[in-house]
Structures are given as structure tokens and as C-alpha cells.
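What follows is the content of data_30.txt, which has compact mmCIF, C-alpha atoms:
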# COMPACT_ATOMS: atom_id res chain seq x y z
CA MET C 3 29.99 -49.22 108.39
CA ILE C 4 32.47 -48.46 111.18
CA LEU C 5 30.61 -45.23 111.94
CA MET C 6 27.30 -47.12 112.08
CA GLY C 7 28.78 -49.65 114.45
CA LEU C 8 30.13 -46.87 116.68
CA VAL C 9 26.74 -45.12 116.71
CA THR C 10 25.04 -48.42 117.62
CA VAL C 11 27.38 -48.96 120.59
CA ILE C 12 26.85 -45.39 121.82
CA LEU C 13 23.06 -45.73 121.57
CA ALA C 14 23.19 -49.02 123.49
CA LEU C 15 25.37 -47.49 126.24
CA LEU C 16 22.92 -44.61 126.54
CA GLY C 17 20.13 -47.08 127.26
CA THR C 18 18.29 -46.67 123.96
CA PRO C 19 15.60 -49.37 123.53
CA LEU C 20 16.86 -52.25 121.42
CA PHE C 21 14.03 -52.00 118.88
CA VAL C 22 15.06 -48.37 118.18
CA ILE C 23 18.67 -49.46 117.59
CA ILE C 24 17.64 -52.32 115.31
CA ALA C 25 15.19 -50.09 113.41
CA ALA C 26 17.87 -47.41 112.95
CA ASN C 27 20.35 -49.97 111.62
CA THR C 28 17.71 -51.47 109.33
CA PHE C 29 16.70 -48.15 107.77
CA MET C 30 20.31 -47.04 107.39
CA HIS C 31 21.26 -50.28 105.62
CA LEU C 32 18.17 -50.03 103.41
CA TYR C 33 19.20 -46.51 102.46
CA LEU C 34 22.82 -47.46 101.73
CA ALA C 35 21.76 -50.52 99.73
CA GLY C 36 19.30 -48.48 97.69
CA PHE C 37 16.19 -50.34 98.89
CA ASP C 38 12.83 -48.78 99.62
CA PHE C 39 11.90 -48.33 103.29
CA SER C 40 8.58 -50.04 102.57
CA LEU C 41 10.39 -53.38 102.77
CA THR C 42 10.18 -53.13 106.56
CA SER C 43 6.45 -52.42 106.50
CA ILE C 44 6.04 -55.50 104.31
CA GLU C 45 7.67 -57.57 107.04
CA PHE C 46 5.26 -56.16 109.63
CA TYR C 47 2.37 -57.07 107.33
CA ARG C 48 3.79 -60.59 106.92
CA ILE C 49 4.10 -60.95 110.71
CA SER C 50 0.45 -59.97 111.17
CA GLY C 51 -0.52 -62.99 109.07
CA MET C 52 1.44 -65.54 111.10
CA PRO C 53 -1.08 -67.68 113.00
CA MET C 54 1.64 -69.11 115.25
CA LEU C 55 2.23 -65.67 116.80
CA LEU C 56 -1.23 -65.67 118.36
CA PRO C 57 -0.20 -67.68 121.48
CA ILE C 58 2.45 -65.10 122.46
CA PRO C 59 0.16 -62.28 123.68
CA LEU C 60 -2.24 -64.77 125.26
CA PHE C 61 0.41 -66.69 127.24
CA THR C 62 2.12 -63.39 128.15
CA PHE C 63 -1.14 -61.99 129.52
CA ALA C 64 -1.76 -65.17 131.51
CA GLY C 65 1.75 -65.01 132.96
CA TYR C 66 1.35 -61.40 134.06
CA ILE C 67 -2.01 -62.18 135.70
CA LEU C 68 -0.36 -64.99 137.67
CA ALA C 69 2.53 -62.73 138.68
CA GLU C 70 0.16 -60.08 140.05
CA SER C 71 -1.99 -62.58 141.98
CA GLY C 72 -1.30 -64.76 144.99
CA ALA C 73 -0.19 -67.63 142.72
CA PRO C 74 3.54 -67.24 143.61
CA LYS C 75 2.79 -67.70 147.32
CA ARG C 76 0.55 -70.71 146.70
CA LEU C 77 3.11 -72.29 144.39
CA LEU C 78 5.84 -71.74 146.96
CA LYS C 79 3.70 -73.17 149.77
CA LEU C 80 2.83 -76.26 147.74
CA SER C 81 6.47 -76.84 146.76
CA GLN C 82 7.54 -76.44 150.39
CA ALA C 83 4.95 -78.95 151.59
CA ALA C 84 5.86 -81.49 148.91
CA LEU C 85 9.66 -81.10 148.85
CA GLY C 86 10.65 -79.31 152.05
CA TRP C 87 11.39 -82.56 153.92
CA MET C 88 14.21 -83.48 151.51
CA PRO C 89 17.89 -82.66 152.17
CA GLY C 90 18.15 -79.09 150.98
CA GLY C 91 14.38 -79.05 150.74
CA LEU C 92 13.91 -75.28 150.70
CA ALA C 93 16.59 -74.87 148.03
CA VAL C 94 14.90 -77.56 145.91
CA VAL C 95 11.62 -75.72 146.47
CA CYS C 96 13.26 -72.53 145.20
CA ILE C 97 14.50 -74.27 142.04
CA THR C 98 11.18 -76.00 141.34
CA ALA C 99 8.95 -72.99 142.03
CA CYS C 100 11.10 -70.64 139.93
CA ALA C 101 11.22 -73.09 137.01
CA LEU C 102 7.45 -73.52 136.98
CA PHE C 103 6.79 -69.82 137.34
CA THR C 104 9.22 -68.81 134.57
CA ALA C 105 7.65 -71.40 132.25
CA PHE C 106 4.40 -69.44 132.45
CA THR C 107 5.73 -65.87 132.55
CA GLY C 108 8.54 -66.43 130.01
CA ALA C 109 10.63 -63.80 131.79
CA SER C 110 13.27 -64.60 134.39
CA GLY C 111 13.28 -61.04 135.71
CA VAL C 112 9.62 -61.33 136.67
CA THR C 113 10.37 -64.56 138.55
CA ILE C 114 13.26 -63.05 140.52
CA ILE C 115 11.14 -60.06 141.48
CA ALA C 116 7.96 -62.02 142.25
CA LEU C 117 9.48 -64.98 144.13
CA GLY C 118 12.82 -63.56 145.26
CA GLY C 119 11.27 -61.48 148.01
CA LEU C 120 9.64 -64.59 149.45
CA LEU C 121 12.52 -67.02 148.98
CA PHE C 122 15.58 -64.99 149.96
CA PRO C 123 14.56 -64.28 153.60
CA ALA C 124 13.44 -67.90 154.00
CA LEU C 125 16.78 -69.25 152.72
CA ILE C 126 18.71 -66.92 155.04
CA GLN C 127 16.55 -67.93 157.99
CA GLU C 128 17.26 -71.60 157.27
CA LYS C 129 21.01 -70.78 157.40
CA TYR C 130 21.84 -71.44 153.74
CA GLY C 131 24.03 -68.35 153.75
CA GLU C 132 23.70 -65.12 151.79
CA THR C 133 26.11 -66.02 148.98
CA PHE C 134 24.49 -69.39 148.28
CA SER C 135 20.97 -67.91 148.48
CA LEU C 136 21.75 -65.08 146.08
CA GLY C 137 23.37 -67.46 143.60
CA LEU C 138 20.51 -69.94 143.80
CA ILE C 139 17.73 -67.39 143.18
CA THR C 140 19.65 -65.63 140.41
CA THR C 141 20.26 -68.95 138.67
CA SER C 142 16.78 -70.37 139.18
CA GLY C 143 15.14 -67.29 137.70
CA SER C 144 15.60 -68.50 134.12
CA LEU C 145 15.30 -72.27 134.57
CA GLY C 146 11.77 -72.52 133.19
CA LEU C 147 12.69 -71.30 129.69
CA LEU C 148 12.84 -74.89 128.42
CA PHE C 149 9.48 -75.98 129.84
CA PRO C 150 6.14 -75.48 128.03
CA PRO C 151 4.43 -73.10 127.50
CA SER C 152 7.61 -70.99 127.54
CA LEU C 153 7.34 -67.94 125.25
CA PRO C 154 10.95 -68.26 124.01
CA LEU C 155 10.18 -71.81 122.82
CA ILE C 156 7.18 -70.51 120.88
CA LEU C 157 9.17 -67.61 119.43
CA TYR C 158 12.00 -69.89 118.32
CA GLY C 159 9.47 -72.13 116.57
CA VAL C 160 7.94 -69.15 114.75
CA VAL C 161 11.24 -67.65 113.61
CA ALA C 162 12.97 -70.93 112.72
CA GLY C 163 9.88 -72.55 111.18
CA VAL C 164 9.97 -75.51 113.59
CA SER C 165 7.01 -77.34 115.11
CA ILE C 166 6.19 -75.76 118.48
CA ASP C 167 4.64 -79.05 119.61
CA ASP C 168 8.02 -80.75 119.02
CA LEU C 169 9.86 -77.99 120.88
CA PHE C 170 7.55 -78.34 123.88
CA LEU C 171 8.37 -82.04 124.09
CA ALA C 172 12.08 -81.57 123.34
CA GLY C 173 12.59 -79.06 126.17
CA ILE C 174 11.18 -81.21 128.97
CA PHE C 175 14.07 -83.61 129.57
CA PRO C 176 16.91 -81.05 129.13
CA GLY C 177 15.05 -78.75 131.51
CA LEU C 178 14.76 -81.57 134.03
CA ILE C 179 18.51 -82.24 133.73
CA MET C 180 19.27 -78.64 134.71
CA VAL C 181 16.80 -78.74 137.59
CA THR C 182 18.09 -82.12 138.84
CA LEU C 183 21.77 -81.14 138.79
CA LEU C 184 21.08 -77.90 140.63
CA ALA C 185 18.86 -79.71 143.15
CA ALA C 186 21.59 -82.30 143.78
CA TYR C 187 24.18 -79.58 144.39
CA SER C 188 21.78 -77.73 146.70
CA SER C 189 21.07 -80.90 148.70
CA ILE C 190 24.78 -81.62 149.15
CA THR C 191 25.37 -78.01 150.23
CA ALA C 192 22.50 -78.16 152.74
CA VAL C 193 23.84 -81.38 154.29
CA ARG C 194 27.31 -79.88 154.54
CA LYS C 195 25.92 -76.76 156.21
CA GLY C 196 23.77 -78.81 158.58
CA VAL C 197 20.50 -77.20 157.47
CA ALA C 198 17.54 -78.59 159.44
CA ARG C 199 14.70 -80.39 157.67
CA PRO C 200 11.02 -80.14 158.59
CA ALA C 201 9.12 -83.39 159.03
CA PHE C 202 7.03 -84.70 156.14
CA SER C 203 3.39 -83.75 156.66
CA ARG C 204 0.52 -85.15 154.63
CA SER C 205 -1.84 -82.60 156.15
CA GLN C 206 0.35 -79.70 154.94
CA ILE C 207 0.45 -81.16 151.43
CA ALA C 208 -3.31 -81.64 151.45
CA LYS C 209 -3.83 -78.05 152.63
CA ALA C 210 -1.45 -76.63 150.01
CA LEU C 211 -3.09 -78.71 147.28
CA TRP C 212 -6.50 -77.45 148.28
CA GLU C 213 -5.39 -73.81 148.27
CA ALA C 214 -3.88 -74.18 144.78
CA ARG C 215 -6.60 -76.51 143.48
CA TYR C 216 -7.63 -74.16 140.67
CA GLU C 217 -4.10 -73.47 139.39
CA ILE C 218 -2.54 -76.94 139.55
CA PRO C 219 -4.48 -78.35 136.57
CA LEU C 220 -3.45 -75.52 134.19
CA PRO C 221 -0.12 -76.90 132.85
CA PHE C 222 -1.58 -80.42 132.57
CA LEU C 223 -4.59 -79.03 130.75
CA ILE C 224 -2.33 -77.32 128.22
CA LEU C 225 -0.14 -80.36 127.56
CA PHE C 226 -3.03 -82.81 127.43
CA GLY C 227 -5.03 -80.61 125.10
CA ILE C 228 -2.15 -80.08 122.67
CA TYR C 229 -0.77 -83.60 122.50
CA SER C 230 -4.15 -85.31 122.52
CA GLY C 231 -5.10 -83.27 119.48
CA LYS C 232 -8.06 -81.70 121.25
CA PHE C 233 -6.96 -78.18 120.36
CA ALA C 234 -4.12 -76.28 118.70
CA ILE C 235 -1.52 -74.22 120.56
CA SER C 236 -3.35 -70.96 119.80
CA GLU C 237 -6.54 -72.48 121.25
CA ALA C 238 -4.59 -73.72 124.27
CA ALA C 239 -3.23 -70.20 124.79
CA ALA C 240 -6.72 -68.69 124.62
CA LEU C 241 -8.07 -71.28 127.05
CA THR C 242 -5.14 -70.67 129.42
CA ALA C 243 -5.65 -66.90 129.39
CA PHE C 244 -9.38 -67.29 130.05
CA ALA C 245 -8.84 -69.90 132.78
CA VAL C 246 -6.19 -67.82 134.59
CA LEU C 247 -8.36 -64.71 134.36
CA PHE C 248 -11.40 -66.57 135.71
CA VAL C 249 -9.45 -68.28 138.52
CA GLU C 250 -7.63 -65.19 139.79
CA MET C 251 -10.50 -62.71 139.40
CA VAL C 252 -13.64 -64.75 140.05
CA LEU C 253 -12.58 -67.67 142.23
CA TYR C 254 -9.73 -66.13 144.25
CA HIS C 255 -10.80 -62.46 143.93
CA GLU C 256 -7.12 -61.39 143.92
CA ILE C 257 -7.21 -59.27 140.76
CA GLU C 258 -9.63 -56.37 140.79
CA TRP C 259 -11.35 -55.17 137.61
CA ARG C 260 -9.87 -51.68 138.00
CA ASN C 261 -6.34 -53.18 137.99
CA LEU C 262 -6.92 -55.28 134.87
CA PRO C 263 -6.16 -52.51 132.32
CA VAL C 264 -2.80 -51.85 134.00
CA ILE C 265 -1.85 -55.54 133.83
CA MET C 266 -2.98 -55.73 130.22
CA ARG C 267 -0.88 -52.69 129.34
CA LYS C 268 2.23 -54.14 131.02
CA SER C 269 1.88 -57.47 129.23
CA MET C 270 1.17 -55.92 125.84
CA VAL C 271 4.14 -53.56 126.13
CA LEU C 272 6.32 -56.68 126.23
CA VAL C 273 4.45 -58.23 123.30
CA GLY C 274 4.62 -54.99 121.34
CA SER C 275 8.37 -54.69 121.85
CA ILE C 276 8.79 -58.29 120.65
CA LEU C 277 6.77 -57.62 117.49
CA ILE C 278 8.59 -54.36 116.74
CA ILE C 279 11.97 -56.04 117.17
CA MET C 280 10.75 -58.95 115.05
CA GLY C 281 9.58 -56.74 112.17
CA CYS C 282 12.72 -54.62 112.12
CA ALA C 283 15.02 -57.61 112.57
CA MET C 284 13.36 -59.57 109.77
CA GLY C 285 13.73 -56.58 107.47
CA TYR C 286 17.39 -56.38 108.45
CA THR C 287 17.75 -60.12 107.92
CA ASN C 288 16.44 -59.77 104.36
CA ILE C 289 19.21 -57.27 103.67
CA LEU C 290 21.79 -59.72 105.03
CA LEU C 291 20.33 -62.55 102.97
CA ASP C 292 20.34 -60.40 99.84
CA ALA C 293 24.01 -59.64 100.49
CA GLU C 294 24.62 -63.40 100.98
CA VAL C 295 26.06 -62.76 104.46
CA PRO C 296 25.06 -66.21 105.83
CA VAL C 297 26.76 -67.88 102.84
CA ARG C 298 29.93 -65.90 103.44
CA ILE C 299 29.87 -66.73 107.15
CA LEU C 300 29.34 -70.41 106.31
CA ASP C 301 32.25 -70.42 103.87
CA ALA C 302 34.51 -68.77 106.47
CA ILE C 303 33.43 -71.24 109.15
CA LYS C 304 34.03 -74.28 106.96
CA VAL C 305 37.64 -73.20 106.41
CA HIS C 306 38.33 -73.62 110.13
CA MET C 307 35.64 -76.08 111.25
CA HIS C 308 35.42 -79.40 109.52
CA SER C 309 33.09 -81.21 111.90
CA ARG C 310 29.74 -80.75 113.58
CA LEU C 311 31.45 -81.03 116.98
CA ALA C 312 33.69 -78.04 116.27
CA PHE C 313 30.69 -76.06 115.03
CA LEU C 314 28.70 -76.83 118.19
CA ILE C 315 31.60 -75.74 120.41
CA ALA C 316 31.87 -72.44 118.54
CA LEU C 317 28.08 -72.07 118.62
CA ASN C 318 28.00 -72.43 122.41
CA VAL C 319 30.67 -69.78 122.88
CA PHE C 320 28.89 -67.41 120.50
CA LEU C 321 25.46 -67.91 122.07
CA LEU C 322 26.79 -67.42 125.60
CA ILE C 323 28.16 -64.05 124.53
CA VAL C 324 24.86 -63.19 122.83
CA GLY C 325 22.96 -64.26 125.96
CA CYS C 326 25.00 -61.81 128.04
CA MET C 327 24.53 -58.89 125.68
CA LEU C 328 20.89 -59.21 124.54
CA ASP C 329 17.60 -60.07 126.15
CA ILE C 330 16.34 -63.49 125.08
CA PHE C 331 13.58 -62.28 122.75
CA SER C 332 15.92 -59.95 120.85
CA ALA C 333 18.59 -62.65 120.62
CA LEU C 334 16.11 -65.17 119.20
CA ILE C 335 14.78 -62.82 116.55
CA VAL C 336 18.10 -61.34 115.46
CA VAL C 337 20.39 -64.38 115.54
CA ILE C 338 18.23 -67.37 114.55
CA PRO C 339 17.87 -66.44 110.84
CA LEU C 340 21.66 -66.31 110.56
CA ILE C 341 22.36 -69.52 112.52
CA VAL C 342 19.71 -71.82 111.04
CA PRO C 343 21.19 -72.17 107.50
CA ILE C 344 24.64 -72.76 108.96
CA ALA C 345 23.31 -75.39 111.37
CA ARG C 346 21.54 -77.15 108.49
CA SER C 347 24.83 -77.42 106.61
CA TYR C 348 26.31 -79.29 109.59
CA ASP C 349 23.23 -81.54 109.79
CA VAL C 350 22.14 -80.21 113.19
CA ASN C 351 18.50 -81.00 113.93
CA LEU C 352 16.63 -77.69 114.20
CA VAL C 353 14.60 -78.84 117.20
CA HIS C 354 17.85 -79.77 118.97
CA LEU C 355 19.31 -76.44 117.86
CA GLY C 356 16.42 -74.66 119.56
CA ILE C 357 17.09 -76.40 122.87
CA ILE C 358 20.81 -75.61 122.58
CA PHE C 359 19.94 -72.02 121.79
CA LEU C 360 17.67 -71.56 124.81
CA ALA C 361 20.01 -73.45 127.17
CA ASN C 362 22.83 -71.08 126.22
CA LEU C 363 20.70 -67.97 126.58
CA ASN C 364 19.49 -69.31 129.93
CA ILE C 365 23.10 -69.45 131.13
CA GLY C 366 23.93 -66.13 129.47
CA TYR C 367 21.36 -64.45 131.73
CA MET C 368 23.65 -65.03 134.73
CA THR C 369 27.10 -64.97 133.12
CA PRO C 370 29.42 -62.13 134.25
CA PRO C 371 30.04 -59.37 133.53
CA VAL C 372 26.73 -58.25 131.98
CA GLY C 373 24.23 -61.10 132.42
CA LEU C 374 20.79 -59.53 132.85
CA ASN C 375 19.78 -61.59 135.91
CA LEU C 376 22.87 -60.40 137.78
CA PHE C 377 21.69 -56.81 137.57
CA ILE C 378 18.06 -57.65 138.31
CA SER C 379 19.12 -59.52 141.47
CA SER C 380 21.50 -56.71 142.39
CA ILE C 381 18.63 -54.22 142.27
CA ARG C 382 16.07 -56.55 143.87
CA PHE C 383 18.24 -57.53 146.85
CA LYS C 384 20.24 -54.27 147.06
CA LYS C 385 23.61 -56.02 146.72
CA PRO C 386 26.68 -54.96 144.70
CA VAL C 387 26.73 -56.72 141.34
CA ILE C 388 30.25 -58.00 142.09
CA THR C 389 28.70 -59.97 144.97
CA LEU C 390 26.37 -61.63 142.47
CA TYR C 391 29.35 -62.51 140.26
CA TRP C 392 30.92 -64.58 143.04
CA ALA C 393 27.60 -66.02 144.20
CA THR C 394 26.72 -67.50 140.79
CA ILE C 395 30.08 -69.16 140.00
CA PRO C 396 29.29 -72.64 141.46
CA PHE C 397 25.89 -72.62 139.78
CA LEU C 398 27.45 -71.57 136.48
CA VAL C 399 29.75 -74.59 136.62
CA ILE C 400 26.74 -76.90 137.08
CA MET C 401 24.83 -75.20 134.27
CA PHE C 402 27.82 -75.58 131.96
CA ILE C 403 27.88 -79.31 132.72
CA SER C 404 24.20 -79.56 131.82
CA LEU C 405 24.84 -77.53 128.64
CA ILE C 406 27.55 -79.97 127.56
CA LEU C 407 25.17 -82.90 128.06
CA ILE C 408 22.34 -81.17 126.20
CA THR C 409 24.54 -80.05 123.29
CA TYR C 410 26.52 -83.21 122.63
CA ILE C 411 23.86 -85.82 123.36
CA PRO C 412 21.05 -84.91 120.94
CA GLY C 413 18.95 -87.84 122.12
CA LEU C 414 18.27 -86.03 125.39
CA SER C 415 16.23 -83.51 123.41
CA LEU C 416 14.88 -85.72 120.65
CA PHE C 417 14.01 -89.08 122.21
CA LEU C 418 10.44 -88.02 123.08
CA LEU C 419 9.85 -87.14 119.42
CA LYS C 420 10.57 -90.66 118.16

As C-alpha cells - that is how I would like this structure written.
Amino acid sequence: MILMGLVTVILALLGTPLFVIIAANTFMHLYLAGFDFSLTSIEFYRISGMPMLLPIPLFTFAGYILAESGAPKRLLKLSQAALGWMPGGLAVVCITACALFTAFTGASGVTIIALGGLLFPALIQEKYGETFSLGLITTSGSLGLLFPPSLPLILYGVVAGVSIDDLFLAGIFPGLIMVTLLAAYSSITAVRKGVARPAFSRSQIAKALWEARYEIPLPFLILFGIYSGKFAISEAAALTAFAVLFVEMVLYHEIEWRNLPVIMRKSMVLVGSILIIMGCAMGYTNILLDAEVPVRILDAIKVHMHSRLAFLIALNVFLLIVGCMLDIFSALIVVIPLIVPIARSYDVNLVHLGIIFLANLNIGYMTPPVGLNLFISSIRFKKPVITLYWATIPFLVIMFISLILITYIPGLSLFLLK
């Protein structure tokens, strides 16, 4: 076992894809436990029959289409027209635009790359300062993970067996708390720095609304369709993919037919990696369940933790570490099956657990020393990663405050479900 752990660490340090590492561990444990390798293929077959997985490739494809089009610029222009007049208006625009964009793409790295190049020079020009600007963009990149139709929300629902409709509702208010606290800090910082504010302009708002007239209805269409009972989530995903494709290719003419196969390949590579990780991880989870590992972990935890509060504190620490070390899709697939039975024993609502889970992984993306967003921003803006460590500290403090509120006040996540 020690040798396997050492090999796993070496493979990870060499940059081996996570699904290869998980698959290698799965097959090795199957071999040592005397199980047939076909158990993993059975899990892949079971995954293929899950109807709730259908929205993932469709929403992913729609997100990649939006990322390759002029949608980021239109979203930024609309946010600037609507919010730019506020104290710290451009910073609030950055937070809002990134949250909305990540909600559709499901990947914070895509948001930093797509919007960072537009936002960073603008923030510097408005005299927000390099450190503040870097920290703001790095933090905002993952804000949308709690807003529908976020892919991590869907994936958590599939793996944990929780209603995705409930998760979509539960994530709205906690997501708004994070956005509001960051916006308040940004406004205070802008006032302290004496950042100028443009005058409010109805004509600019009208112009921005007109330019984005085909894209603005999309999120409202999804939410209305799902919660009015007009169509299921899989149907909403199909409609979204078709609508985005039609808008960007036919109405805006920003995506050419010859570029479509490349975009499809990029989006399906992400989906394929998720499914491979999911199949291998579920096979590995079955081995752990057969060995009663969750029961043993639960027994060990109960010796030291006698209350739900203590469990939630330990859970936050654990998930922050996981969020630093793994990408969000891998973390969801690998860790959820182990955490869910333990959370049930402490009477933690599984919808609330999902929001806690994603809020932690959101923060883990930008937590030193190995948060993924830190390295993406370092590459995107050509800055030393140590600079990003210092830049994100004030934002981390704010995100930790929001995490405490989300974790220990379950009503913030659940009140819309009542």
C-alpha cells in the first residue's frame, strides 16, 4: 500500500492525467483484492444508463461556444453600463461578469482566460492597482460554481443522488452572499483609492442591452422552464445548446462552421475526462465500500467528534485541502461517495452538503500554495505565482467569512426549498 501511494505521488508530480492515476489505483486494488477487472467496465455501463448525465455534455458544449464567441465582451459591456456608476463599479462588474460566465462554462480557468485579458488592463487603467486587480480576477474566476446551470452542481446531484432542481435553488443565495461580500470590499477599496466613477447613462444601458438581446434571456429561459415544469433539466440543456449555437452562429455570425468541430472536440475532451474519472472512481469506491472503509472512517471520527458542528469544521478543513489538490470534477467524483454516508450520520442535509462542498472547492481553487486558479492567473498575466499568493489574501479572508455563514446557517441554502 505504501508503494502504491508512493507511485501515485510520483505519477502526479510527473503531470500524469488524473484519470490515469485513478484507473491505475483502481486496477491495482482490484488485483490485490482478487476482484475481476470487469467490475470497472460494469460501472462504465451503469454510467451510460444515467439519464441525469445527459445535461453535462450539452451545457459544456454551450459554455464553450459562448467562450469562443463575442459573448464575454457583450457581457462585460452590459455589466459596465449597468453597474459601472457604483463605487468600485468596474470591480463589481468584474465580479458579476465572471460569476455569470463561470455559471455557464463550469470552469473557472476558462473564465480567467476569456475575461481576464479584458478586465485586467481596464482595472489597471482605472487605478485599482496591480495587486488588487490580480486578486480580484483570480478570486472571481470560480464564483459562478454555485449558480445554475453550473456543471459541478449537476455532477454533485448525479453522484450524491440529490435533486438537481433543489441544488439549483439552494446555490442561488449562498452564491449571492459571496458576490455581495466581495462587491462590498471592492467598493470600499475603490473609495479609499479614489477611483473615479463614470456617470450613469441610460443610453449606454439601452445600447448594451440591445447588443446582448439574444443572450440575456438564456439563463431566465432555463430557470423558468425547469421550475415551471415545462421541461426537464436534460431538455433545458438541449434547448440551451441549440439556442446558443443558433445565436452565435446564425444571428451574430461569430462562430464559423469550419471552427465548430474544434470547439466540439475541446468541450467533449472535458466531458470525456469527467466520465473516465467517474467510471474509474466509482469502481474504486465499490472496493472501498466492500472493505467497509466509510464505516471505519465514521467510527474513527465519532471517537473524536461528538457533534455536527465539530464534523462540519473538520469537513471544511478537509475539503479546502482537497480543493487545492484536485480539480473540482475529480474532487466531486472521488470524495462525495465517502463523505455522504458520514454526513448522513450527523444529520447533515445532502443539499446543504452540496453547497458546502462547492463553496469549499471554490475557495480551494485560489488557496496557496497549489490552488489551480493561482497558476492559471500566473500563466495568463505572466506574473510570479508568489505575487498571486499575496494578491488573493484579502479576498480569501472574505471568502472564508462567506463559507462560515454558508456552512453554519443551513437556512441560507435551504430556505428556497421550503

Considering all atoms listed in the file, return as an MDAnalysis selection string whatever protein or nucleic-acid residues lie within 7 Å of segment 90-99 of chain C, sequence-local ones (same chain, fewer than 5 positions apart) excluded.
-> chainID C and resid 77:78 81:82 85 121 125 142 181 185 188:189 192:193

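For the pair atom CA of Ala105 of chain C and atom CA of Asn261 of chain C, the separation is 23.7 Å.
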
Shell of 7 Å around segment 406-413 of chain C, only C-alpha atoms, local chain residues under 2 positions omitted, as a PyMOL selection string | chain C and resi 176+354+358+402-404+415-417

Judged by only C-alpha atoms, the minimum distance to Leu120 of chain C among C:Thr141, C:Ser275, C:Ser135, C:Thr182 is found for C:Ser135

If we count all atoms listed in the file, what is near Thr369 of chain C at a cut-off of 9 Å, once residues fewer than 4 positions away on the same chain are taken out, given as a VMD selection string?
-> chain C and resid 322 to 323 325 to 326 365 373 to 376 391 394 to 395 398

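We find atom CA of Gly86 of chain C and atom CA of Pro200 of chain C to be spaced 6.6 Å apart.
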
Out of C:Trp392, C:Tyr367, C:Phe244, C:Phe29, which residue has the shortest atom-to-atom distance to Thr42 of chain C when counting all atoms listed in the file?
->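 Of the candidates, the smallest distance to Thr42 of chain C is held by C:Phe29.
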
Nearest-residue call for Leu220 of chain C, choices C:Gly163, C:Gly65, C:Gly146, C:Gly137, using all atoms listed in the file | C:Gly65

Extract, using only C-alpha atoms, all DNA, RNA and protein residues at most 9 Å from Ala84 of chain C, discarding same-chain residues fewer than 5 positions from it, and format them as a PyMOL selection string.
-> chain C and resi 79+95+202-204+206-207+210

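We find atom CA of Phe313 of chain C and atom CA of Leu147 of chain C to be spaced 23.7 Å apart.
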
Using all atoms listed in the file: which of C:Gly173, C:Gly131, C:Pro154, C:Pro59 has the shortest distance to Leu419 of chain C = C:Gly173

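Among the candidates C:Val161, C:Leu253, C:Ala198, C:Leu405, the residue lying nearest to Leu340 of chain C is C:Val161 (atoms considered: all atoms listed in the file).
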
Arg215 of chain C: which residues within 12 Å, counting all atoms listed in the file, same-chain residues fewer than 2 positions away excluded, as a PyMOL selection string?
-> chain C and resi 73+76-77+80+207-213+217-220+249-250+253-254

For a quick check of your reading of the model, name the residues lying within 10 Å of the coordinate (1.0, -62.9, 147.5), counting only C-alpha atoms, and write them as an mmCIF file with C-alpha atoms, in the frame of the given file.
data_model
loop_
_atom_site.group_PDB
_atom_site.id
_atom_site.type_symbol
_atom_site.label_atom_id
_atom_site.label_comp_id
_atom_site.auth_asym_id
_atom_site.auth_seq_id
_atom_site.Cartn_x
_atom_site.Cartn_y
_atom_site.Cartn_z
ATOM 1 C CA ALA C 69 2.530 -62.730 138.680
ATOM 2 C CA GLU C 70 0.160 -60.080 140.050
ATOM 3 C CA SER C 71 -1.990 -62.580 141.980
ATOM 4 C CA GLY C 72 -1.300 -64.760 144.990
ATOM 5 C CA ALA C 73 -0.190 -67.630 142.720
ATOM 6 C CA PRO C 74 3.540 -67.240 143.610
ATOM 7 C CA LYS C 75 2.790 -67.700 147.320
ATOM 8 C CA ARG C 76 0.550 -70.710 146.700
ATOM 9 C CA ALA C 116 7.960 -62.020 142.250
ATOM 10 C CA LEU C 117 9.480 -64.980 144.130
ATOM 11 C CA LEU C 120 9.640 -64.590 149.450
ATOM 12 C CA GLU C 256 -7.120 -61.390 143.920
#

If the box runs along x, y and z of the file and leaves 8 Å on each side of segment 150-157 of chain C, what are its centre and edge lengths in Å, one decimal, as AutoDock Vina command-line options?
--center_x 7.7 --center_y -71.5 --center_z 123.7 --size_x 22.5 --size_y 23.9 --size_z 24.6

N, CA and C atoms are what I want for segment 68-82 of chain C; can you complete it accordingly and write them as a short mmCIF file (atom, residue, chain, number, x, y, z; two decimals), in the frame of the given file?
data_model
loop_
_atom_site.label_atom_id
_atom_site.label_comp_id
_atom_site.auth_asym_id
_atom_site.auth_seq_id
_atom_site.Cartn_x
_atom_site.Cartn_y
_atom_site.Cartn_z
N LEU C 68 -0.87 -64.13 136.60
CA LEU C 68 -0.36 -64.99 137.67
C LEU C 68 0.64 -64.25 138.55
N ALA C 69 1.50 -63.46 137.92
CA ALA C 69 2.53 -62.73 138.68
C ALA C 69 1.92 -61.70 139.63
N GLU C 70 0.79 -61.11 139.23
CA GLU C 70 0.16 -60.08 140.05
C GLU C 70 -0.77 -60.66 141.11
N SER C 71 -1.05 -61.95 141.04
CA SER C 71 -1.99 -62.58 141.98
C SER C 71 -1.24 -63.23 143.14
N GLY C 72 -1.94 -64.03 143.89
CA GLY C 72 -1.30 -64.76 144.99
C GLY C 72 -0.74 -66.09 144.55
N ALA C 73 -0.70 -66.35 143.24
CA ALA C 73 -0.19 -67.63 142.72
C ALA C 73 1.24 -67.92 143.16
N PRO C 74 2.17 -66.94 143.15
CA PRO C 74 3.54 -67.24 143.61
C PRO C 74 3.59 -67.79 145.03
N LYS C 75 2.80 -67.22 145.94
CA LYS C 75 2.79 -67.70 147.32
C LYS C 75 2.21 -69.11 147.41
N ARG C 76 1.15 -69.36 146.66
CA ARG C 76 0.55 -70.71 146.70
C ARG C 76 1.49 -71.74 146.09
N LEU C 77 2.15 -71.37 145.01
CA LEU C 77 3.11 -72.29 144.39
C LEU C 77 4.26 -72.59 145.35
N LEU C 78 4.75 -71.55 146.02
CA LEU C 78 5.84 -71.74 146.96
C LEU C 78 5.41 -72.61 148.14
N LYS C 79 4.20 -72.39 148.64
CA LYS C 79 3.70 -73.17 149.77
C LYS C 79 3.52 -74.63 149.40
N LEU C 80 3.01 -74.88 148.20
CA LEU C 80 2.83 -76.26 147.74
C LEU C 80 4.18 -76.95 147.56
N SER C 81 5.14 -76.26 146.95
CA SER C 81 6.47 -76.84 146.76
C SER C 81 7.13 -77.14 148.10
N GLN C 82 6.96 -76.23 149.06
CA GLN C 82 7.54 -76.44 150.39
C GLN C 82 6.93 -77.64 151.08
#
